[in-house]
Amino acid sequence: MATKRRPSFDPKSFLARIGDGRSIGKYPKGQVVFSQGDPGDSVFYIQKGKAKLTVVSEQGKEAVIAILGVDEFFGEGCLAGQARRIATVTTMADSVIARLEKSAIIEVIHQEPAFSELFIAHLLGRSIRVEADLVDQLFNSSEKRLARLLLLLANFGKEVTPEPIIAKISQETLAEMIGTTRSRVSFFMNKFRKLGFIEYNGSIENGIEVHSSLLNVVLHEQPQIKN
């Protein structure tokens with residue numbers, strides 16, 4: 001008697017469906033998904049849009065620590081015993097985000113190797129990014145840090161197709177993320193535009209078009225404007 005073959009498990013399809021312990025929500029730009037200090041009881045997955053992670057110190061100083069995009073998880077600290085959220089997550093564009101209760105994601109991690117591989121790949125990617133960010137802050141100039149950040153926001157170097165047009169983002173946010181002042185960001189953005197590495201109309205808040213030639217800054221750091 002032939003045994004019935006179990007259908008293959010597709011992690012992306014699983015994350016796109018509502019089910020036990022799984023829900024999908026639409027979040028307009030600027031909506032808080034969860035706040036620093038909230039209970040850590042679930043993991044989230046971005047299907048569409050972008051979100052930023054911010055932390056506020058006891059003195060009230062706010063810092064942007066990450067910007068997340070499509071196919072990225074956040075809130076996974078709850079799986080490692082993090083009872084309270086250590087950051088606030090706010091959407092930067094209209095977004096569609098899946099929410100998985102802690103018990104639901106633990107169950108699928110245990111039962112489905114394909115999902116485990118996807119989730120482990122995310123965790124490893126996040127760990128590598130954190131290490132690279134630390135090296136960037138310790139050893140690179142603010143100009144190089146800004147160029148690297150713009151390339152990351154445009155998905156250069158990732159398996160997904162680069163997004164040459166970065167969604168609206170303020171100079172203040174860019175400055176917070178690379179640890180410099182708004183005036184320095186403005187200076188370097190003007191320089192990058194003159195060199196033809198980026199394009200934007202009026203203000204960068206209207207969107208930035210990033211060209212692969214911006215990699216010259218990361219690789220050589222001292223580009224020169226040709227006469």
# chains A, B, ... in the order shown; residues from 1 in each chain; ligands from 1
$ select_by_dssp --residues "segment 58-107 of chain A" --states "helix (DSSP H, G or I)" --output "mmCIF file with N, CA and C atoms, in the first residue's frame"
data_model
loop_
_atom_site.group_PDB
_atom_site.id
_atom_site.type_symbol
_atom_site.label_atom_id
_atom_site.label_comp_id
_atom_site.auth_asym_id
_atom_site.auth_seq_id
_atom_site.Cartn_x
_atom_site.Cartn_y
_atom_site.Cartn_z
ATOM 1 N N GLU A 76 12.292 39.030 17.497
ATOM 2 C CA GLU A 76 12.670 37.651 17.802
ATOM 3 C C GLU A 76 13.338 37.505 19.163
ATOM 4 N N GLY A 77 13.647 38.611 19.815
ATOM 5 C CA GLY A 77 14.257 38.541 21.146
ATOM 6 C C GLY A 77 13.388 37.811 22.156
ATOM 7 N N CYS A 78 12.074 37.785 21.916
ATOM 8 C CA CYS A 78 11.175 37.094 22.848
ATOM 9 C C CYS A 78 11.461 35.599 22.909
ATOM 10 N N LEU A 79 12.072 35.059 21.849
ATOM 11 C CA LEU A 79 12.382 33.627 21.818
ATOM 12 C C LEU A 79 13.585 33.293 22.691
ATOM 13 N N ALA A 80 14.331 34.316 23.079
ATOM 14 C CA ALA A 80 15.523 34.110 23.913
ATOM 15 C C ALA A 80 15.307 34.638 25.323
ATOM 16 N N LYS A 102 4.417 33.765 20.043
ATOM 17 C CA LYS A 102 5.624 33.046 20.446
ATOM 18 C C LYS A 102 5.448 31.530 20.344
ATOM 19 N N SER A 103 4.328 31.015 20.827
ATOM 20 C CA SER A 103 4.094 29.567 20.796
ATOM 21 C C SER A 103 3.981 29.052 19.362
ATOM 22 N N ALA A 104 3.401 29.866 18.464
ATOM 23 C CA ALA A 104 3.210 29.443 17.077
ATOM 24 C C ALA A 104 4.538 29.350 16.339
ATOM 25 N N ILE A 105 5.423 30.317 16.550
ATOM 26 C CA ILE A 105 6.697 30.275 15.824
ATOM 27 C C ILE A 105 7.619 29.205 16.398
ATOM 28 N N ILE A 106 7.548 28.961 17.702
ATOM 29 C CA ILE A 106 8.344 27.884 18.299
ATOM 30 C C ILE A 106 7.900 26.538 17.725
ATOM 31 N N GLU A 107 6.596 26.365 17.560
ATOM 32 C CA GLU A 107 6.071 25.105 17.028
ATOM 33 C C GLU A 107 6.546 24.869 15.593
#
$ residues_around --residues "Leu174 of chain A" --least-positions-apart "4" --cutoff "8 Å" --atoms "only C-alpha atoms" --output "VMD selection string"
chain A and resid 146 169 to 170 178 182 185
$ write_last_selection --atoms "N, CA and C atoms" --output "JSON list (two decimals), in the first residue's frame"
[["chain", "number", "residue", "atom", "x", "y", "z"],
["A", 146, "LEU", "N", 27.99, 56.72, 5.69],
["A", 146, "LEU", "CA", 26.77, 57.17, 5.01],
["A", 146, "LEU", "C", 26.61, 56.44, 3.68],
["A", 169, "ILE", "N", 13.22, 59.41, 3.60],
["A", 169, "ILE", "CA", 13.97, 59.27, 4.84],
["A", 169, "ILE", "C", 14.63, 60.62, 5.13],
["A", 170, "SER", "N", 14.63, 61.03, 6.36],
["A", 170, "SER", "CA", 15.13, 62.35, 6.70],
["A", 170, "SER", "C", 16.64, 62.34, 6.93],
["A", 178, "ILE", "N", 24.30, 56.80, 11.56],
["A", 178, "ILE", "CA", 25.75, 56.70, 11.35],
["A", 178, "ILE", "C", 26.54, 57.45, 12.40],
["A", 182, "ARG", "N", 23.47, 66.30, 11.33],
["A", 182, "ARG", "CA", 22.66, 66.51, 10.13],
["A", 182, "ARG", "C", 23.43, 67.33, 9.10],
["A", 185, "VAL", "N", 25.75, 65.12, 7.15],
["A", 185, "VAL", "CA", 24.99, 64.31, 6.19],
["A", 185, "VAL", "C", 24.63, 65.16, 4.97]]
$ residues_around --residues "segment 47-57 of chain A" --least-positions-apart "3" --cutoff "9 Å" --atoms "only C-alpha atoms" --output "NGL selection string"
:A and (15-16 or 29-30 or 33 or 36 or 60-72 or 86-98 or 167)
$ write_last_selection --atoms "N, CA, C and O atoms" --output "compact mmCIF listing (two decimals), in the first residue's frame"
# COMPACT_ATOMS: atom_id res chain seq x y z
N LEU A 15 3.89 32.13 5.94
CA LEU A 15 3.90 33.46 6.53
C LEU A 15 2.85 34.38 5.92
O LEU A 15 2.48 35.39 6.52
N ALA A 16 2.38 34.03 4.73
CA ALA A 16 1.40 34.87 4.03
C ALA A 16 -0.04 34.50 4.37
O ALA A 16 -0.97 35.15 3.90
N LYS A 29 1.88 54.30 7.08
CA LYS A 29 3.16 54.94 7.38
C LYS A 29 3.08 55.69 8.71
O LYS A 29 2.11 56.41 8.97
N GLY A 30 4.09 55.50 9.55
CA GLY A 30 4.14 56.21 10.82
C GLY A 30 3.46 55.51 11.98
O GLY A 30 3.46 56.03 13.10
N VAL A 33 4.31 49.65 15.63
CA VAL A 33 3.96 48.22 15.68
C VAL A 33 4.02 47.74 17.12
O VAL A 33 3.12 47.06 17.61
N GLN A 36 8.91 50.32 22.95
CA GLN A 36 9.92 49.93 23.93
C GLN A 36 9.25 49.74 25.29
O GLN A 36 8.50 50.59 25.77
N GLY A 60 16.24 60.38 27.61
CA GLY A 60 15.30 60.82 26.60
C GLY A 60 15.88 60.96 25.20
O GLY A 60 15.20 61.43 24.28
N LYS A 61 17.13 60.56 25.00
CA LYS A 61 17.75 60.65 23.68
C LYS A 61 17.32 59.45 22.84
O LYS A 61 17.41 58.31 23.27
N GLU A 62 16.84 59.74 21.62
CA GLU A 62 16.38 58.67 20.72
C GLU A 62 17.41 58.39 19.64
O GLU A 62 18.05 59.30 19.12
N ALA A 63 17.58 57.11 19.32
CA ALA A 63 18.52 56.71 18.27
C ALA A 63 17.88 55.66 17.39
O ALA A 63 17.18 54.76 17.89
N VAL A 64 18.08 55.78 16.08
CA VAL A 64 17.62 54.76 15.13
C VAL A 64 18.71 53.69 15.06
O VAL A 64 19.85 53.98 14.72
N ILE A 65 18.36 52.45 15.37
CA ILE A 65 19.38 51.39 15.40
C ILE A 65 19.29 50.46 14.19
O ILE A 65 20.24 49.73 13.91
N ALA A 66 18.18 50.49 13.47
CA ALA A 66 18.07 49.64 12.27
C ALA A 66 16.88 50.07 11.44
O ALA A 66 15.91 50.63 11.95
N ILE A 67 16.98 49.80 10.15
CA ILE A 67 15.85 49.95 9.24
C ILE A 67 15.64 48.60 8.56
O ILE A 67 16.57 48.02 8.01
N LEU A 68 14.42 48.10 8.63
CA LEU A 68 14.11 46.77 8.13
C LEU A 68 13.19 46.85 6.93
O LEU A 68 12.37 47.77 6.81
N GLY A 69 13.33 45.87 6.03
CA GLY A 69 12.52 45.85 4.83
C GLY A 69 11.83 44.51 4.61
O GLY A 69 11.71 43.69 5.54
N VAL A 70 11.39 44.30 3.39
CA VAL A 70 10.63 43.10 3.02
C VAL A 70 11.43 41.83 3.33
O VAL A 70 12.65 41.77 3.15
N ASP A 71 10.72 40.81 3.81
CA ASP A 71 11.28 39.49 4.13
C ASP A 71 12.17 39.49 5.37
O ASP A 71 12.96 38.56 5.56
N GLU A 72 12.05 40.50 6.21
CA GLU A 72 12.83 40.53 7.44
C GLU A 72 11.93 40.34 8.66
O GLU A 72 10.80 40.83 8.71
N ILE A 86 12.93 45.94 23.75
CA ILE A 86 14.01 46.88 24.03
C ILE A 86 14.04 48.02 23.01
O ILE A 86 14.88 48.91 23.11
N ALA A 87 13.15 47.98 22.03
CA ALA A 87 13.11 49.03 21.01
C ALA A 87 11.67 49.27 20.58
O ALA A 87 10.77 48.46 20.85
N THR A 88 11.45 50.40 19.93
CA THR A 88 10.17 50.72 19.32
C THR A 88 10.28 50.52 17.82
O THR A 88 11.28 50.91 17.21
N VAL A 89 9.26 49.91 17.22
CA VAL A 89 9.25 49.69 15.78
C VAL A 89 8.13 50.53 15.17
O VAL A 89 6.97 50.42 15.57
N THR A 90 8.49 51.36 14.19
CA THR A 90 7.54 52.25 13.53
C THR A 90 7.66 52.09 12.03
O THR A 90 8.79 52.04 11.50
N THR A 91 6.56 52.01 11.34
CA THR A 91 6.60 51.86 9.88
C THR A 91 7.07 53.15 9.21
O THR A 91 6.74 54.24 9.65
N MET A 92 7.85 52.99 8.14
CA MET A 92 8.32 54.14 7.37
C MET A 92 7.57 54.28 6.06
O MET A 92 7.81 55.22 5.30
N ALA A 93 6.71 53.32 5.76
CA ALA A 93 5.87 53.34 4.56
C ALA A 93 4.66 52.47 4.87
O ALA A 93 4.65 51.73 5.87
N ASP A 94 3.64 52.56 4.04
CA ASP A 94 2.49 51.67 4.22
C ASP A 94 3.00 50.23 4.15
O ASP A 94 3.69 49.85 3.20
N SER A 95 2.66 49.44 5.15
CA SER A 95 3.27 48.11 5.28
C SER A 95 2.24 47.03 5.56
O SER A 95 1.16 47.30 6.09
N VAL A 96 2.59 45.81 5.17
CA VAL A 96 1.82 44.62 5.51
C VAL A 96 2.75 43.73 6.33
O VAL A 96 3.82 43.33 5.85
N ILE A 97 2.35 43.43 7.56
CA ILE A 97 3.23 42.73 8.49
C ILE A 97 2.49 41.57 9.13
O ILE A 97 1.37 41.72 9.63
N ALA A 98 3.13 40.40 9.10
CA ALA A 98 2.57 39.22 9.74
C ALA A 98 3.04 39.15 11.19
O ALA A 98 4.19 39.49 11.49
N ALA A 167 12.86 54.92 -0.15
CA ALA A 167 11.67 55.63 0.33
C ALA A 167 12.09 56.86 1.13
O ALA A 167 13.24 57.01 1.55
$ select_by_dssp --residues "segment 25-127 of chain A" --states "strand (DSSP E)" --output "VMD selection string"
chain A and resid 25 to 27 32 to 34 42 to 48 51 to 56 62 to 68 73 to 74 88 to 91 95 to 101
$ residues_around --residues "Arg145 of chain A" --least-positions-apart "2" --cutoff "12 Å" --atoms "only C-alpha atoms" --output "ChimeraX atom specification"
/A:132-143,147-152,174-180,184-185,188,214-215,217-219,221
$ write_last_selection --atoms "N, CA and C atoms" --output "short mmCIF file (atom, residue, chain, number, x, y, z; two decimals), in the first residue's frame"
data_model
loop_
_atom_site.label_atom_id
_atom_site.label_comp_id
_atom_site.auth_asym_id
_atom_site.auth_seq_id
_atom_site.Cartn_x
_atom_site.Cartn_y
_atom_site.Cartn_z
N ALA A 132 29.18 44.05 11.33
CA ALA A 132 29.66 44.97 10.30
C ALA A 132 29.38 46.42 10.69
N ASP A 133 28.22 46.66 11.32
CA ASP A 133 27.89 48.01 11.78
C ASP A 133 28.88 48.48 12.84
N LEU A 134 29.27 47.57 13.74
CA LEU A 134 30.22 47.92 14.79
C LEU A 134 31.58 48.28 14.19
N VAL A 135 32.04 47.46 13.26
CA VAL A 135 33.31 47.74 12.58
C VAL A 135 33.22 49.08 11.85
N ASP A 136 32.09 49.32 11.21
CA ASP A 136 31.86 50.56 10.48
C ASP A 136 32.00 51.77 11.40
N GLN A 137 31.36 51.70 12.58
CA GLN A 137 31.40 52.81 13.54
C GLN A 137 32.80 53.01 14.10
N LEU A 138 33.54 51.92 14.31
CA LEU A 138 34.86 52.01 14.95
C LEU A 138 35.95 52.51 14.00
N PHE A 139 35.88 52.11 12.73
CA PHE A 139 37.02 52.32 11.85
C PHE A 139 36.77 53.20 10.63
N ASN A 140 35.52 53.40 10.23
CA ASN A 140 35.27 54.12 8.99
C ASN A 140 34.87 55.57 9.24
N SER A 141 35.14 56.41 8.27
CA SER A 141 34.75 57.82 8.36
C SER A 141 33.24 57.95 8.22
N SER A 142 32.71 59.08 8.63
CA SER A 142 31.27 59.30 8.52
C SER A 142 30.81 59.30 7.06
N GLU A 143 31.68 59.76 6.15
CA GLU A 143 31.34 59.74 4.72
C GLU A 143 31.16 58.30 4.23
N ALA A 147 27.69 56.32 2.92
CA ALA A 147 27.62 55.62 1.63
C ALA A 147 27.18 54.17 1.84
N ARG A 148 27.75 53.50 2.84
CA ARG A 148 27.39 52.11 3.11
C ARG A 148 25.92 52.00 3.51
N LEU A 149 25.45 52.93 4.33
CA LEU A 149 24.06 52.89 4.76
C LEU A 149 23.11 53.06 3.58
N LEU A 150 23.39 53.99 2.68
CA LEU A 150 22.53 54.21 1.52
C LEU A 150 22.49 52.96 0.63
N LEU A 151 23.62 52.31 0.48
CA LEU A 151 23.67 51.09 -0.33
C LEU A 151 22.87 49.97 0.34
N LEU A 152 22.97 49.88 1.65
CA LEU A 152 22.20 48.86 2.37
C LEU A 152 20.70 49.12 2.26
N LEU A 174 19.24 59.59 9.00
CA LEU A 174 20.52 59.13 8.49
C LEU A 174 21.65 59.49 9.44
N ALA A 175 21.60 60.70 9.98
CA ALA A 175 22.64 61.15 10.91
C ALA A 175 22.64 60.30 12.18
N GLU A 176 21.45 59.99 12.70
CA GLU A 176 21.36 59.17 13.90
C GLU A 176 21.95 57.78 13.67
N MET A 177 21.71 57.23 12.48
CA MET A 177 22.14 55.87 12.20
C MET A 177 23.64 55.74 12.02
N ILE A 178 24.30 56.80 11.56
CA ILE A 178 25.75 56.70 11.35
C ILE A 178 26.54 57.45 12.40
N GLY A 179 25.85 58.07 13.35
CA GLY A 179 26.54 58.73 14.45
C GLY A 179 27.25 60.01 14.08
N THR A 180 26.56 60.89 13.34
CA THR A 180 27.14 62.18 12.99
C THR A 180 26.05 63.24 13.04
N ARG A 184 26.64 67.36 8.53
CA ARG A 184 27.61 66.52 7.83
C ARG A 184 26.92 65.65 6.80
N VAL A 185 25.75 65.12 7.15
CA VAL A 185 24.99 64.31 6.19
C VAL A 185 24.63 65.16 4.97
N PHE A 188 27.73 65.61 2.73
CA PHE A 188 28.10 64.42 1.96
C PHE A 188 27.05 64.08 0.91
N LEU A 214 28.07 54.41 -6.25
CA LEU A 214 28.31 54.85 -4.87
C LEU A 214 29.25 53.88 -4.15
N LEU A 215 29.36 52.66 -4.67
CA LEU A 215 30.30 51.69 -4.11
C LEU A 215 31.73 52.22 -4.14
N VAL A 217 32.77 54.98 -3.08
CA VAL A 217 33.06 55.61 -1.79
C VAL A 217 33.44 54.56 -0.76
N VAL A 218 32.70 53.44 -0.77
CA VAL A 218 32.97 52.37 0.19
C VAL A 218 34.31 51.72 -0.09
N LEU A 219 34.63 51.55 -1.37
CA LEU A 219 35.86 50.84 -1.74
C LEU A 219 37.10 51.74 -1.69
N GLU A 221 36.86 55.43 -0.77
CA GLU A 221 36.60 56.47 0.23
C GLU A 221 36.92 57.89 -0.21
#
